[in-house]
Each structure stands twice: as C-alpha cells, then as structure tokens.
file upload-v9.txt (compact mmCIF, C-alpha atoms)
# COMPACT_ATOMS: atom_id res chain seq x y z
CA MET X 1 -26.69 7.95 -9.31
CA PHE X 2 -23.52 9.90 -10.08
CA GLN X 3 -23.40 13.21 -8.24
CA ILE X 4 -21.37 16.33 -8.98
CA THR X 5 -18.89 17.22 -6.24
CA PRO X 6 -18.06 20.85 -5.34
CA GLY X 7 -14.91 20.49 -7.47
CA GLY X 8 -16.98 19.64 -10.50
CA MET X 9 -16.11 15.92 -10.61
CA THR X 10 -18.67 13.14 -10.74
CA GLN X 11 -18.95 11.10 -7.56
CA GLU X 12 -19.91 7.47 -7.95
CA ARG X 13 -21.99 5.94 -5.17
CA ILE X 14 -20.63 2.47 -4.35
CA LEU X 15 -22.33 0.00 -2.02
CA ILE X 16 -20.20 -2.76 -0.51
CA ILE X 17 -22.24 -5.59 0.95
CA GLY X 18 -19.95 -6.78 3.72
CA LEU X 19 -19.19 -10.16 5.22
CA ASN X 20 -20.83 -11.45 8.37
CA TRP X 21 -17.94 -12.48 10.64
CA ILE X 22 -15.14 -10.43 12.20
CA GLY X 23 -12.37 -12.51 10.65
CA ASP X 24 -13.92 -12.47 7.18
CA ALA X 25 -14.56 -8.72 7.42
CA ILE X 26 -10.92 -8.07 8.30
CA MET X 27 -9.73 -10.26 5.43
CA SER X 28 -11.77 -8.09 3.05
CA MET X 29 -10.15 -4.85 4.23
CA PRO X 30 -7.09 -4.85 1.92
CA ALA X 31 -9.38 -5.05 -1.13
CA ILE X 32 -11.65 -2.34 0.27
CA GLN X 33 -8.60 -0.12 0.78
CA ALA X 34 -7.60 -0.80 -2.82
CA CYS X 35 -11.14 0.08 -3.91
CA ARG X 36 -10.71 3.48 -2.28
CA ALA X 37 -7.32 3.95 -3.98
CA GLU X 38 -8.89 3.16 -7.37
CA ASN X 39 -11.95 5.34 -6.67
CA PRO X 40 -10.69 8.30 -4.61
CA GLN X 41 -13.74 10.48 -5.36
CA ALA X 42 -16.40 7.79 -4.81
CA HIS X 43 -18.85 7.80 -1.94
CA ILE X 44 -18.42 4.34 -0.41
CA THR X 45 -21.03 2.77 1.88
CA VAL X 46 -20.76 -0.62 3.60
CA LEU X 47 -23.82 -2.67 4.51
CA VAL X 48 -23.16 -4.96 7.48
CA LYS X 49 -24.81 -6.69 10.40
CA PRO X 50 -25.28 -4.34 13.38
CA TYR X 51 -22.67 -5.99 15.60
CA LEU X 52 -19.98 -5.27 12.98
CA LYS X 53 -20.70 -1.54 12.77
CA PRO X 54 -18.09 -0.66 15.46
CA LEU X 55 -15.44 -2.54 13.47
CA TRP X 56 -16.12 -0.51 10.33
CA GLU X 57 -16.27 2.71 12.34
CA MET X 58 -12.56 2.11 12.99
CA HIS X 59 -11.77 1.63 9.29
CA PRO X 60 -10.77 4.67 7.22
CA VAL X 61 -12.55 3.82 3.95
CA PRO X 62 -16.36 3.88 4.48
CA ASP X 63 -18.11 7.21 4.13
CA ASP X 64 -21.26 5.64 5.54
CA ILE X 65 -22.17 2.44 7.38
CA LEU X 66 -25.62 0.88 6.96
CA CYS X 67 -26.87 -1.86 9.25
CA LEU X 68 -28.88 -4.78 7.94
CA GLU X 69 -32.39 -4.96 9.31
CA LYS X 70 -34.30 -8.15 9.96
CA LYS X 71 -37.00 -7.47 7.39
CA THR X 72 -35.94 -7.88 3.77
CA ALA X 73 -38.44 -5.25 2.55
CA ALA X 74 -36.95 -2.64 4.90
CA ASN X 75 -33.45 -3.31 3.56
CA ILE X 76 -34.62 -3.06 -0.05
CA ALA X 77 -36.41 0.23 0.63
CA LYS X 78 -33.33 1.64 2.37
CA LEU X 79 -31.04 0.75 -0.54
CA ARG X 80 -33.47 1.98 -3.18
CA ALA X 81 -33.73 5.38 -1.49
CA LEU X 82 -29.96 5.86 -1.54
CA ASP X 83 -29.74 5.33 -5.31
CA PHE X 84 -26.39 3.54 -5.57
CA ASP X 85 -24.59 3.21 -8.90
CA LYS X 86 -22.87 -0.06 -8.12
CA ALA X 87 -23.07 -2.89 -5.59
CA CYS X 88 -19.95 -4.93 -4.77
CA ILE X 89 -21.28 -8.12 -3.18
CA LEU X 90 -18.77 -9.94 -0.99
CA PRO X 91 -20.86 -12.74 0.61
CA ASN X 92 -21.64 -15.73 -1.56
CA SER X 93 -25.26 -15.96 -0.44
CA PHE X 94 -28.53 -15.64 -2.36
CA ARG X 95 -29.81 -12.86 -0.08
CA SER X 96 -26.75 -10.68 -0.55
CA ALA X 97 -27.41 -10.56 -4.32
CA PHE X 98 -31.19 -10.38 -3.96
CA LEU X 99 -31.20 -7.14 -1.97
CA PRO X 100 -29.35 -4.90 -4.47
CA THR X 101 -31.21 -6.52 -7.38
CA MET X 102 -34.61 -5.71 -5.90
CA ALA X 103 -33.36 -2.24 -4.92
CA GLY X 104 -32.68 -1.52 -8.59
CA ILE X 105 -28.92 -1.00 -8.33
CA ARG X 106 -27.83 -1.17 -11.95
CA HIS X 107 -24.36 -2.72 -11.63
CA ARG X 108 -24.03 -5.74 -9.34
CA ILE X 109 -20.67 -7.50 -9.07
CA GLY X 110 -19.85 -10.71 -7.21
CA LEU X 111 -18.95 -14.37 -7.31
CA LYS X 112 -21.39 -16.88 -8.73
CA GLY X 113 -23.12 -19.19 -6.29
CA GLU X 114 -26.36 -20.28 -4.66
CA LEU X 115 -28.50 -19.79 -7.79
CA ARG X 116 -27.75 -16.09 -7.86
CA SER X 117 -25.68 -15.59 -11.02
CA LEU X 118 -28.67 -14.26 -12.97
CA MET X 119 -28.97 -11.46 -10.41
CA LEU X 120 -25.42 -10.27 -11.10
CA THR X 121 -24.49 -8.00 -13.97
CA GLN X 122 -20.84 -9.05 -13.62
CA VAL X 123 -19.67 -12.42 -12.35
CA VAL X 124 -16.00 -12.45 -11.38
CA PRO X 125 -13.76 -15.53 -11.18
CA LEU X 126 -12.78 -17.04 -7.86
CA ALA X 127 -9.21 -16.03 -7.10
CA GLY X 128 -6.81 -18.59 -5.68
CA GLY X 129 -4.58 -18.40 -2.65
CA HIS X 130 -5.52 -16.57 0.53
CA GLN X 131 -9.17 -15.70 1.13
CA SER X 132 -8.32 -11.99 1.03
CA ASN X 133 -7.48 -12.41 -2.68
CA GLU X 134 -11.11 -13.25 -3.50
CA TYR X 135 -12.35 -9.70 -2.95
CA PHE X 136 -9.96 -7.86 -5.28
CA PRO X 137 -11.69 -8.83 -8.57
CA ILE X 138 -14.96 -7.59 -7.08
CA LEU X 139 -13.72 -4.37 -5.50
CA ALA X 140 -10.47 -3.35 -7.16
CA PRO X 141 -9.77 -5.19 -10.43
CA ALA X 142 -6.84 -2.95 -11.35
CA SER X 143 -5.09 -3.93 -8.10
CA VAL X 144 -5.36 -7.72 -8.45
CA GLU X 145 -1.66 -8.17 -9.18
CA LEU X 146 -0.37 -5.57 -6.72
CA VAL X 147 1.29 -6.24 -3.39
CA ARG X 148 -1.34 -6.33 -0.66
CA GLU X 149 -1.51 -3.75 2.09
CA GLN X 150 -2.26 -4.75 5.67
CA PRO X 151 -5.74 -4.05 7.06
CA GLU X 152 -6.06 -0.55 8.50
CA LEU X 153 -7.85 0.22 11.76
CA ASN X 154 -7.88 3.50 13.66
CA VAL X 155 -8.02 2.12 17.18
CA PRO X 156 -9.30 4.38 19.98
CA ASP X 157 -7.43 4.51 23.25
CA ALA X 158 -8.71 1.84 25.61
CA ALA X 159 -7.78 2.30 29.25
CA PHE X 160 -7.63 -0.80 31.45
CA PRO X 161 -6.29 0.28 34.85
CA GLY X 162 -3.46 -1.90 36.09
CA LEU X 163 -2.95 -3.67 32.76
CA GLU X 164 0.51 -3.37 31.27
CA ASN X 165 3.11 -5.76 29.89
CA TYR X 166 0.57 -8.46 29.20
CA ALA X 167 -0.34 -11.23 26.78
CA VAL X 168 -3.90 -11.80 25.59
CA LEU X 169 -5.25 -15.36 25.44
CA MET X 170 -8.45 -15.99 23.47
CA PRO X 171 -9.69 -19.58 23.94
CA GLY X 172 -13.01 -19.12 22.12
CA ALA X 173 -14.07 -19.47 18.49
CA ALA X 174 -17.44 -18.74 16.93
CA ARG X 175 -17.18 -21.91 14.89
CA GLY X 176 -17.20 -24.04 18.03
CA ALA X 177 -15.30 -27.17 18.98
CA SER X 178 -13.77 -27.69 15.54
CA LYS X 179 -11.64 -24.60 16.04
CA MET X 180 -11.07 -24.64 19.80
CA TRP X 181 -7.82 -25.81 21.38
CA PRO X 182 -8.65 -27.65 24.64
CA LEU X 183 -9.07 -25.37 27.66
CA SER X 184 -6.73 -27.62 29.66
CA HIS X 185 -4.01 -26.87 27.09
CA PHE X 186 -4.67 -23.14 27.41
CA GLU X 187 -4.30 -23.50 31.18
CA GLU X 188 -0.96 -25.30 30.87
CA LEU X 189 0.26 -22.70 28.41
CA ALA X 190 -0.79 -19.92 30.77
CA LYS X 191 1.15 -21.51 33.63
CA ARG X 192 4.30 -21.65 31.47
CA ILE X 193 3.95 -18.00 30.49
CA LEU X 194 3.50 -16.93 34.11
CA ALA X 195 6.41 -19.08 35.29
CA GLU X 196 8.93 -18.20 32.58
CA THR X 197 8.13 -14.62 31.53
CA ASP X 198 7.29 -11.37 33.26
CA LEU X 199 4.00 -11.04 31.39
CA ALA X 200 0.60 -10.74 33.00
CA LEU X 201 -2.26 -12.60 31.31
CA VAL X 202 -5.58 -11.28 30.07
CA PHE X 203 -8.27 -13.68 28.86
CA ALA X 204 -10.53 -12.06 26.26
CA GLY X 205 -13.47 -12.93 24.03
CA GLY X 206 -17.19 -12.57 23.74
CA ALA X 207 -20.01 -13.29 26.15
CA ALA X 208 -20.01 -16.97 25.19
CA ASP X 209 -16.39 -17.25 26.37
CA ALA X 210 -16.86 -15.42 29.67
CA SER X 211 -17.51 -18.39 31.96
CA ALA X 212 -14.53 -20.44 30.78
CA CYS X 213 -12.19 -17.44 30.78
CA GLU X 214 -13.25 -16.41 34.29
CA GLU X 215 -12.68 -19.93 35.59
CA LEU X 216 -9.21 -20.12 34.04
CA SER X 217 -8.25 -16.73 35.40
CA GLU X 218 -9.39 -17.59 38.92
CA ARG X 219 -7.40 -20.83 38.90
CA LEU X 220 -4.25 -19.06 37.78
CA GLY X 221 -4.44 -16.40 40.48
CA ARG X 222 -2.55 -13.12 40.48
CA ARG X 223 -1.14 -11.71 37.23
CA SER X 224 -4.19 -13.10 35.48
CA THR X 225 -7.55 -11.53 34.75
CA SER X 226 -10.51 -12.01 32.42
CA VAL X 227 -12.32 -9.33 30.45
CA ALA X 228 -14.24 -11.78 28.25
CA GLY X 229 -17.79 -10.53 27.77
CA LYS X 230 -16.92 -7.27 29.55
CA THR X 231 -15.58 -5.27 26.60
CA ASN X 232 -17.21 -3.87 23.51
CA LEU X 233 -15.55 -4.43 20.15
CA LYS X 234 -13.58 -1.18 20.23
CA GLU X 235 -12.32 -1.82 23.76
CA TRP X 236 -11.33 -5.36 22.79
CA THR X 237 -9.39 -3.97 19.83
CA GLY X 238 -7.61 -1.45 22.04
CA LEU X 239 -6.73 -4.20 24.51
CA LEU X 240 -5.17 -6.24 21.71
CA LYS X 241 -3.24 -3.34 20.27
CA ASN X 242 -1.48 -2.71 23.57
CA SER X 243 -0.60 -6.35 24.27
CA ARG X 244 2.87 -7.86 23.78
CA VAL X 245 1.50 -10.98 22.10
CA ALA X 246 -1.88 -12.61 21.43
CA ILE X 247 -2.56 -16.36 21.43
CA ALA X 248 -5.80 -17.46 19.78
CA ASN X 249 -7.65 -20.16 17.94
CA ASP X 250 -8.47 -19.59 14.27
CA SER X 251 -11.06 -16.96 15.12
CA GLY X 252 -12.17 -13.38 14.75
CA GLY X 253 -10.03 -12.45 17.76
CA MET X 254 -6.94 -13.78 16.00
CA HIS X 255 -7.65 -11.67 12.91
CA LEU X 256 -8.44 -8.63 15.05
CA ALA X 257 -5.09 -8.89 16.83
CA ALA X 258 -3.29 -9.23 13.51
CA ALA X 259 -5.09 -6.20 12.08
CA VAL X 260 -3.76 -3.90 14.82
CA GLY X 261 -0.19 -5.11 14.44
CA THR X 262 0.04 -7.32 17.54
CA PRO X 263 2.31 -10.39 17.24
CA VAL X 264 -0.05 -13.37 16.94
CA VAL X 265 0.15 -17.10 17.57
CA GLY X 266 -2.69 -18.82 15.69
CA ILE X 267 -3.66 -22.36 16.74
CA TYR X 268 -5.06 -24.37 13.83
CA GLY X 269 -6.71 -27.79 13.69
CA ILE X 270 -7.52 -28.73 10.09
CA THR X 271 -8.49 -25.34 8.68
CA ASP X 272 -5.97 -24.13 6.13
CA PRO X 273 -3.77 -21.20 7.24
CA ASP X 274 -2.68 -20.68 3.63
CA LYS X 275 -6.32 -19.73 2.97
CA THR X 276 -7.37 -18.06 6.21
CA GLY X 277 -4.16 -17.25 8.07
CA PRO X 278 -3.82 -13.92 9.90
CA LEU X 279 -2.92 -10.88 7.80
CA ALA X 280 -0.01 -10.01 10.07
CA ARG X 281 3.66 -9.19 9.71
CA ARG X 282 4.60 -11.03 12.89
CA PHE X 283 2.79 -14.30 13.44
CA ARG X 284 3.29 -18.00 14.01
CA VAL X 285 0.80 -20.67 13.02
CA VAL X 286 0.91 -23.85 15.11
CA GLN X 287 -0.62 -26.85 13.37
CA ASN X 288 0.07 -30.58 13.40
CA SER X 289 -2.43 -31.82 10.81
CA THR X 290 -1.46 -32.60 7.23
CA VAL X 291 -5.19 -32.57 6.37
CA LYS X 292 -6.25 -29.02 5.57
CA ALA X 293 -9.69 -27.78 4.52
CA ARG X 294 -11.38 -24.43 3.92
CA GLU X 295 -14.77 -25.48 5.28
CA ILE X 296 -15.29 -27.82 8.23
CA SER X 297 -18.29 -28.84 10.31
CA ARG X 298 -18.77 -27.42 13.79
CA ASN X 299 -18.18 -30.80 15.40
CA SER X 300 -15.49 -32.38 13.25
CA GLU X 301 -13.85 -35.21 15.18
CA LEU X 302 -10.78 -34.99 12.94
CA ALA X 303 -10.43 -31.29 13.76
CA THR X 304 -10.78 -31.73 17.52
CA GLN X 305 -8.21 -34.55 17.46
CA ALA X 306 -5.80 -32.40 15.49
CA LEU X 307 -6.19 -29.54 17.95
CA ALA X 308 -5.75 -31.81 20.97
CA SER X 309 -2.48 -33.10 19.48
CA ILE X 310 -0.92 -29.62 19.68
CA SER X 311 0.98 -29.45 22.96
CA PRO X 312 1.24 -26.40 25.22
CA GLU X 313 5.01 -26.68 24.72
CA GLN X 314 4.62 -26.15 20.95
CA VAL X 315 2.57 -23.02 21.45
CA PHE X 316 4.86 -21.70 24.18
CA ARG X 317 7.85 -22.02 21.83
CA ALA X 318 5.97 -19.95 19.25
CA VAL X 319 5.22 -17.31 21.89
CA GLN X 320 8.90 -17.19 22.86
CA GLU X 321 9.92 -16.71 19.22
CA LEU X 322 7.61 -13.73 18.83
CA LEU X 323 8.66 -12.17 22.14
CA ALA X 324 12.30 -12.50 21.10

call {"tool": "encode", "arguments": {"input": "upload-v9.txt", "output": "structure tokens"}}
result
Amino acid sequence: MFQITPGGMTQERILIIGLNWIGDAIMSMPAIQACRAENPQAHITVLVKPYLKPLWEMHPVPDDILCLEKKTAANIAKLRALDFDKACILPNSFRSAFLPTMAGIRHRIGLKGELRSLMLTQVVPLAGGHQSNEYFPILAPASVELVREQPELNVPDAAFPGLENYAVLMPGAARGASKMWPLSHFEELAKRILAETDLALVFAGGAADASACEELSERLGRRSTSVAGKTNLKEWTGLLKNSRVAIANDSGGMHLAAAVGTPVVGIYGITDPDKTGPLARRFRVVQNSTVKAREISRNSELATQALASISPEQVFRAVQELLA
C-alpha cells in the first residue's frame, strides 16, 4: 500500500515483473529508467530469475530485487507480504500475470496474451518498432513519445591481469544454432584481426560456450585467451566495458556490450535487427538475409544458411569501421 515518506509524501510500491533473458532485460531498461523519472518517490522492486540478479544490481533504478523461487505458492506468499500497489508485468506469459493476481496486487498492467487478459486490470496495446518500445506503455505511459535513453549500468571494476587493448569475441547464443555464426567463420575472423590489427583477442560467454572458446583460443595461440565460463556476470560486463570492440551473435552478450557503451558488431541470421538490434550508439549489424522474423525456431535451416552466408571478410570490415 502507499506509505508516507519522512518528507510527508506518499510512496507508491511498484513491482516490475522482469524478463527472463539478458538481452530482453537490457532492452527493458530504458522504459524502467523512464518509470523512475515519472515516479521519483516510488519504491520500485524487480522480480527476476536468480541468475539475473547481478545484472539488476548494476542498474540504478531498483530499490529492491526479488528472485523467483521454484514453487509458485512461495512466490505468491512473498509478493502478498510486501503489499505492492501496482504490478507492471513485462513477460507475456500466463504465470507472470497469475502471480500478482493471486498475491492480491490491485493494479496489474501488461500486454494481453496466453489467456491472461482477465487477470489484468489494464491491458496496454502492443507498441510497434523496436522491442524496447513495448515496455513504455506498461511502465511509463507519459514517456511513450519521448526520445529513448540508453540502458544504464554501473559496472564494477573488473581486473584481468595482462588484458589490455583487446577485442571480445562471443560465438555463443542461448537460442542455439539459429543464432550462431559458424565457429570456422569466427576462427577466420580472429586470424584477420590478429594479422591486421594490434588487438589481442578474448573469447567470452557462458559455461556452455567454454569448450568451443577454449579450443579456438588454443588454435590461435598467443594474443588470444578464453574466459568463457570463468567469469560471473559482473566480471563479464567489466571485461566488455574495457574492450575496444565486441563481436557477437544476436545474443545476451551483444546486448550487454552495447549497454556498457562498447562498439558492437552484431551478426544476424534471419532475426530482425529493427526489432531486437543492440541499444548502442556505435554498432554495425551484419546480415545477408532479406527474410526477417521476430521469432524463429532453435534449429531453423533458413537461419543457419543465412548465417553461414556471412563471410569473415564482411564482419572484419565492420570491425575496421568501428575501430576507425
């Protein structure tokens, strides 16, 4: 419920039910920042999966971060005890609307979908354009027409002894083969960078990417190393912030690099960069396909063919443009 602050003003308690992937979470940040600007006195809490907590710890808006638990009843009890005034529901899932409804949060705002509209007290229209636009009607309706700010992250210092003047290559993607440029292409690109620039190379990513990144690094020899699977999210973010350029598939790593202001080359198969491109001031998207889609299967043959058609030379030219 509304609380009285020491200054005598009422303080609204706002719950933001966050998105489940790094890239999606980052694309929601401009709207969350606008929500804070529209509600400077509110107490804002984000509810996210545990692995995303470190990401939101780096963001300036949340007053509190709650982690989703496995048991639905435990989540409902947790939300009910905190007595929120409003829930802003960013995911388009049934569960994300069910939890605040059962917790008795009076105002519940989100997009319609998955048989959940009756659980919402306010259904907002789907905004067009970039995915980041979709969250403004939910979080900050007065800011819908305003110029968007970049995502904000307060990145801690991350010390990696011996690493300086380097590029970060991220060959993984949580979505799988449909978003992954062939590893052989990454290797050829890496060889060009080592031969024609003074940059060292750092391969980065999660635990699932560690084996491939380690193998690539070993084949390339000196001036190349892999930290994939060896960094936590905050260390990974610090690594990206200090790099000269990042080269990545359409992935959370790409969005993370963009969020900290690193020049980014994004490699796209058939996903649509107009919808999910990096929120960056300095970026290049490399894509050959004229077919573009928001949602694709994990093993789309059309997507893998489109990615394979992108040559290392194309990506290297984009890297050169950003370094220039």

call {"tool": "residues_around", "arguments": {"input": "upload-v9.txt", "residues": "Ala97 in chain X", "least_positions_apart": "2", "cutoff": "9 Å", "atoms": "only C-alpha atoms", "output": "list in words"}}
result
Ile17, Ala87, Ile89, Pro91, Asn92, Ser93, Phe94, Arg95, Leu99, Pro100, Thr101, Met102, Arg108, Ile109, Gly110, Arg116, Ser117, Met119 and Leu120 of chain X

call {"tool": "residues_around", "arguments": {"input": "upload-v9.txt", "residues": "range 276-278 of chain X", "least_positions_apart": "3", "cutoff": "7 Å", "atoms": "only C-alpha atoms", "output": "list in words"}}
result
His130, Gln131, Met254, His255, Ala258, Asp272 and Pro273 of chain X

call {"tool": "atom_distance", "arguments": {"input": "upload-v9.txt", "atom1": "CA of Lys49 in chain X", "atom2": "CA of Lys179 in chain X"}}
result
22.9 Å

call {"tool": "atom_distance", "arguments": {"input": "upload-v9.txt", "atom1": "CA of Phe203 in chain X", "atom2": "CA of Ser309 in chain X"}}
result
22.3 Å

call {"tool": "residues_around", "arguments": {"input": "upload-v9.txt", "residues": "Phe160 in chain X", "least_positions_apart": "6", "cutoff": "12 Å", "atoms": "all atoms listed in the file", "output": "VMD selection string"}}
result
chain X and resid 166 202 225 to 227 230 to 231 235 to 236 238 to 240 242 to 243

call {"tool": "atom_distance", "arguments": {"input": "upload-v9.txt", "atom1": "CA of Pro62 in chain X", "atom2": "CA of Glu38 in chain X"}}
result
14.0 Å

call {"tool": "residues_around", "arguments": {"input": "upload-v9.txt", "residues": "range 206-211 of chain X", "least_positions_apart": "3", "cutoff": "7 Å", "atoms": "all atoms listed in the file", "output": "list in words"}}
result
Gly172, Glu214, Glu215, Ala228 and Gly229 of chain X

call {"tool": "closest_residue", "arguments": {"input": "upload-v9.txt", "among": "X:Asn133, X:Gln150, X:Ser28, X:Asn165", "to": "Ala246 in chain X", "atoms": "only C-alpha atoms"}}
result
X:Asn165

call {"tool": "closest_residue", "arguments": {"input": "upload-v9.txt", "among": "X:Tyr51, X:Ala103, X:Ala259, X:Ile14", "to": "Thr72 in chain X", "atoms": "only C-alpha atoms"}}
result
X:Ala103

call {"tool": "closest_residue", "arguments": {"input": "upload-v9.txt", "among": "X:Ala303, X:Cys213, X:Ile138, X:Ala200", "to": "Ser184 in chain X", "atoms": "all atoms listed in the file"}}
result
X:Cys213

call {"tool": "closest_residue", "arguments": {"input": "upload-v9.txt", "among": "X:Cys35, X:Ile16, X:Ala167, X:Ile65", "to": "Ile105 in chain X", "atoms": "only C-alpha atoms"}}
result
X:Ile16

call {"tool": "closest_residue", "arguments": {"input": "upload-v9.txt", "among": "X:Trp181, X:Leu279, X:Lys292, X:Thr197", "to": "Gln305 in chain X", "atoms": "all atoms listed in the file"}}
result
X:Trp181

call {"tool": "closest_residue", "arguments": {"input": "upload-v9.txt", "among": "X:His43, X:Gly128, X:Glu301, X:Ser96", "to": "Glu114 in chain X", "atoms": "all atoms listed in the file"}}
result
X:Ser96

call {"tool": "residues_around", "arguments": {"input": "upload-v9.txt", "residues": "Met58 in chain X", "least_positions_apart": "2", "cutoff": "9 Å", "atoms": "only C-alpha atoms", "output": "CSV table (one decimal) with C-alpha atoms, keeping the file's coordinate frame"}}
result
chain,number,residue,atom,x,y,z
X,53,LYS,CA,-20.7,-1.5,12.8
X,54,PRO,CA,-18.1,-0.7,15.5
X,55,LEU,CA,-15.4,-2.5,13.5
X,56,TRP,CA,-16.1,-0.5,10.3
X,60,PRO,CA,-10.8,4.7,7.2
X,152,GLU,CA,-6.1,-0.6,8.5
X,153,LEU,CA,-7.8,0.2,11.8
X,154,ASN,CA,-7.9,3.5,13.7
X,155,VAL,CA,-8.0,2.1,17.2
X,156,PRO,CA,-9.3,4.4,20.0
X,234,LYS,CA,-13.6,-1.2,20.2

call {"tool": "residues_near_point", "arguments": {"input": "upload-v9.txt", "point": "(-18.2, -17.1, -8.3)", "cutoff": "9 Å", "atoms": "only C-alpha atoms", "output": "list in words"}}
result
Asn92, Gly110, Leu111, Lys112, Gly113, Ser117, Val123, Val124, Pro125 and Leu126 of chain X

call {"tool": "residues_near_point", "arguments": {"input": "upload-v9.txt", "point": "(5.3, -28.3, 19.4)", "cutoff": "12 Å", "atoms": "only C-alpha atoms", "output": "list in words"}}
result
Leu189, Ile267, Arg284, Val285, Val286, Gln287, Asn288, Leu307, Ala308, Ser309, Ile310, Ser311, Pro312, Glu313, Gln314, Val315, Phe316, Arg317, Ala318 and Val319 of chain X

call {"tool": "decode", "arguments": {"input": "upload-v9.txt", "residues": "range 137-150 of chain X", "atoms": "N, CA and C atoms", "output": "mmCIF file, in the first residue's frame"}}
result
data_model
loop_
_atom_site.group_PDB
_atom_site.id
_atom_site.type_symbol
_atom_site.label_atom_id
_atom_site.label_comp_id
_atom_site.auth_asym_id
_atom_site.auth_seq_id
_atom_site.Cartn_x
_atom_site.Cartn_y
_atom_site.Cartn_z
ATOM 1 N N PRO X 137 4.476 1.653 -22.668
ATOM 2 C CA PRO X 137 3.066 1.771 -22.245
ATOM 3 C C PRO X 137 2.774 1.091 -20.916
ATOM 4 N N ILE X 138 3.541 0.079 -20.572
ATOM 5 C CA ILE X 138 3.347 -0.625 -19.303
ATOM 6 C C ILE X 138 3.947 0.154 -18.145
ATOM 7 N N LEU X 139 5.150 0.674 -18.345
ATOM 8 C CA LEU X 139 5.940 1.243 -17.253
ATOM 9 C C LEU X 139 5.897 2.761 -17.162
ATOM 10 N N ALA X 140 5.834 3.411 -18.311
ATOM 11 C CA ALA X 140 5.988 4.874 -18.323
ATOM 12 C C ALA X 140 5.151 5.469 -19.445
ATOM 13 N N PRO X 141 3.827 5.460 -19.305
ATOM 14 C CA PRO X 141 2.962 5.898 -20.408
ATOM 15 C C PRO X 141 3.177 7.346 -20.823
ATOM 16 N N ALA X 142 3.596 8.200 -19.898
ATOM 17 C CA ALA X 142 3.809 9.603 -20.260
ATOM 18 C C ALA X 142 5.074 9.796 -21.092
ATOM 19 N N SER X 143 5.902 8.781 -21.165
ATOM 20 C CA SER X 143 7.185 8.889 -21.875
ATOM 21 C C SER X 143 7.179 8.175 -23.217
ATOM 22 N N VAL X 144 6.022 7.689 -23.650
ATOM 23 C CA VAL X 144 5.955 6.874 -24.866
ATOM 24 C C VAL X 144 6.526 7.608 -26.066
ATOM 25 N N GLU X 145 6.266 8.899 -26.185
ATOM 26 C CA GLU X 145 6.691 9.651 -27.364
ATOM 27 C C GLU X 145 8.050 10.323 -27.192
ATOM 28 N N LEU X 146 8.696 10.149 -26.055
ATOM 29 C CA LEU X 146 9.958 10.831 -25.806
ATOM 30 C C LEU X 146 11.135 10.074 -26.423
ATOM 31 N N VAL X 147 12.224 10.797 -26.632
ATOM 32 C CA VAL X 147 13.449 10.166 -27.118
ATOM 33 C C VAL X 147 13.969 9.201 -26.060
ATOM 34 N N ARG X 148 14.369 8.021 -26.493
ATOM 35 C CA ARG X 148 14.802 6.987 -25.566
ATOM 36 C C ARG X 148 16.203 7.237 -25.034
ATOM 37 N N GLU X 149 16.399 6.982 -23.754
ATOM 38 C CA GLU X 149 17.739 6.957 -23.188
ATOM 39 C C GLU X 149 18.379 5.594 -23.428
ATOM 40 N N GLN X 150 19.700 5.551 -23.357
ATOM 41 C CA GLN X 150 20.404 4.276 -23.409
ATOM 42 C C GLN X 150 20.225 3.537 -22.082
#
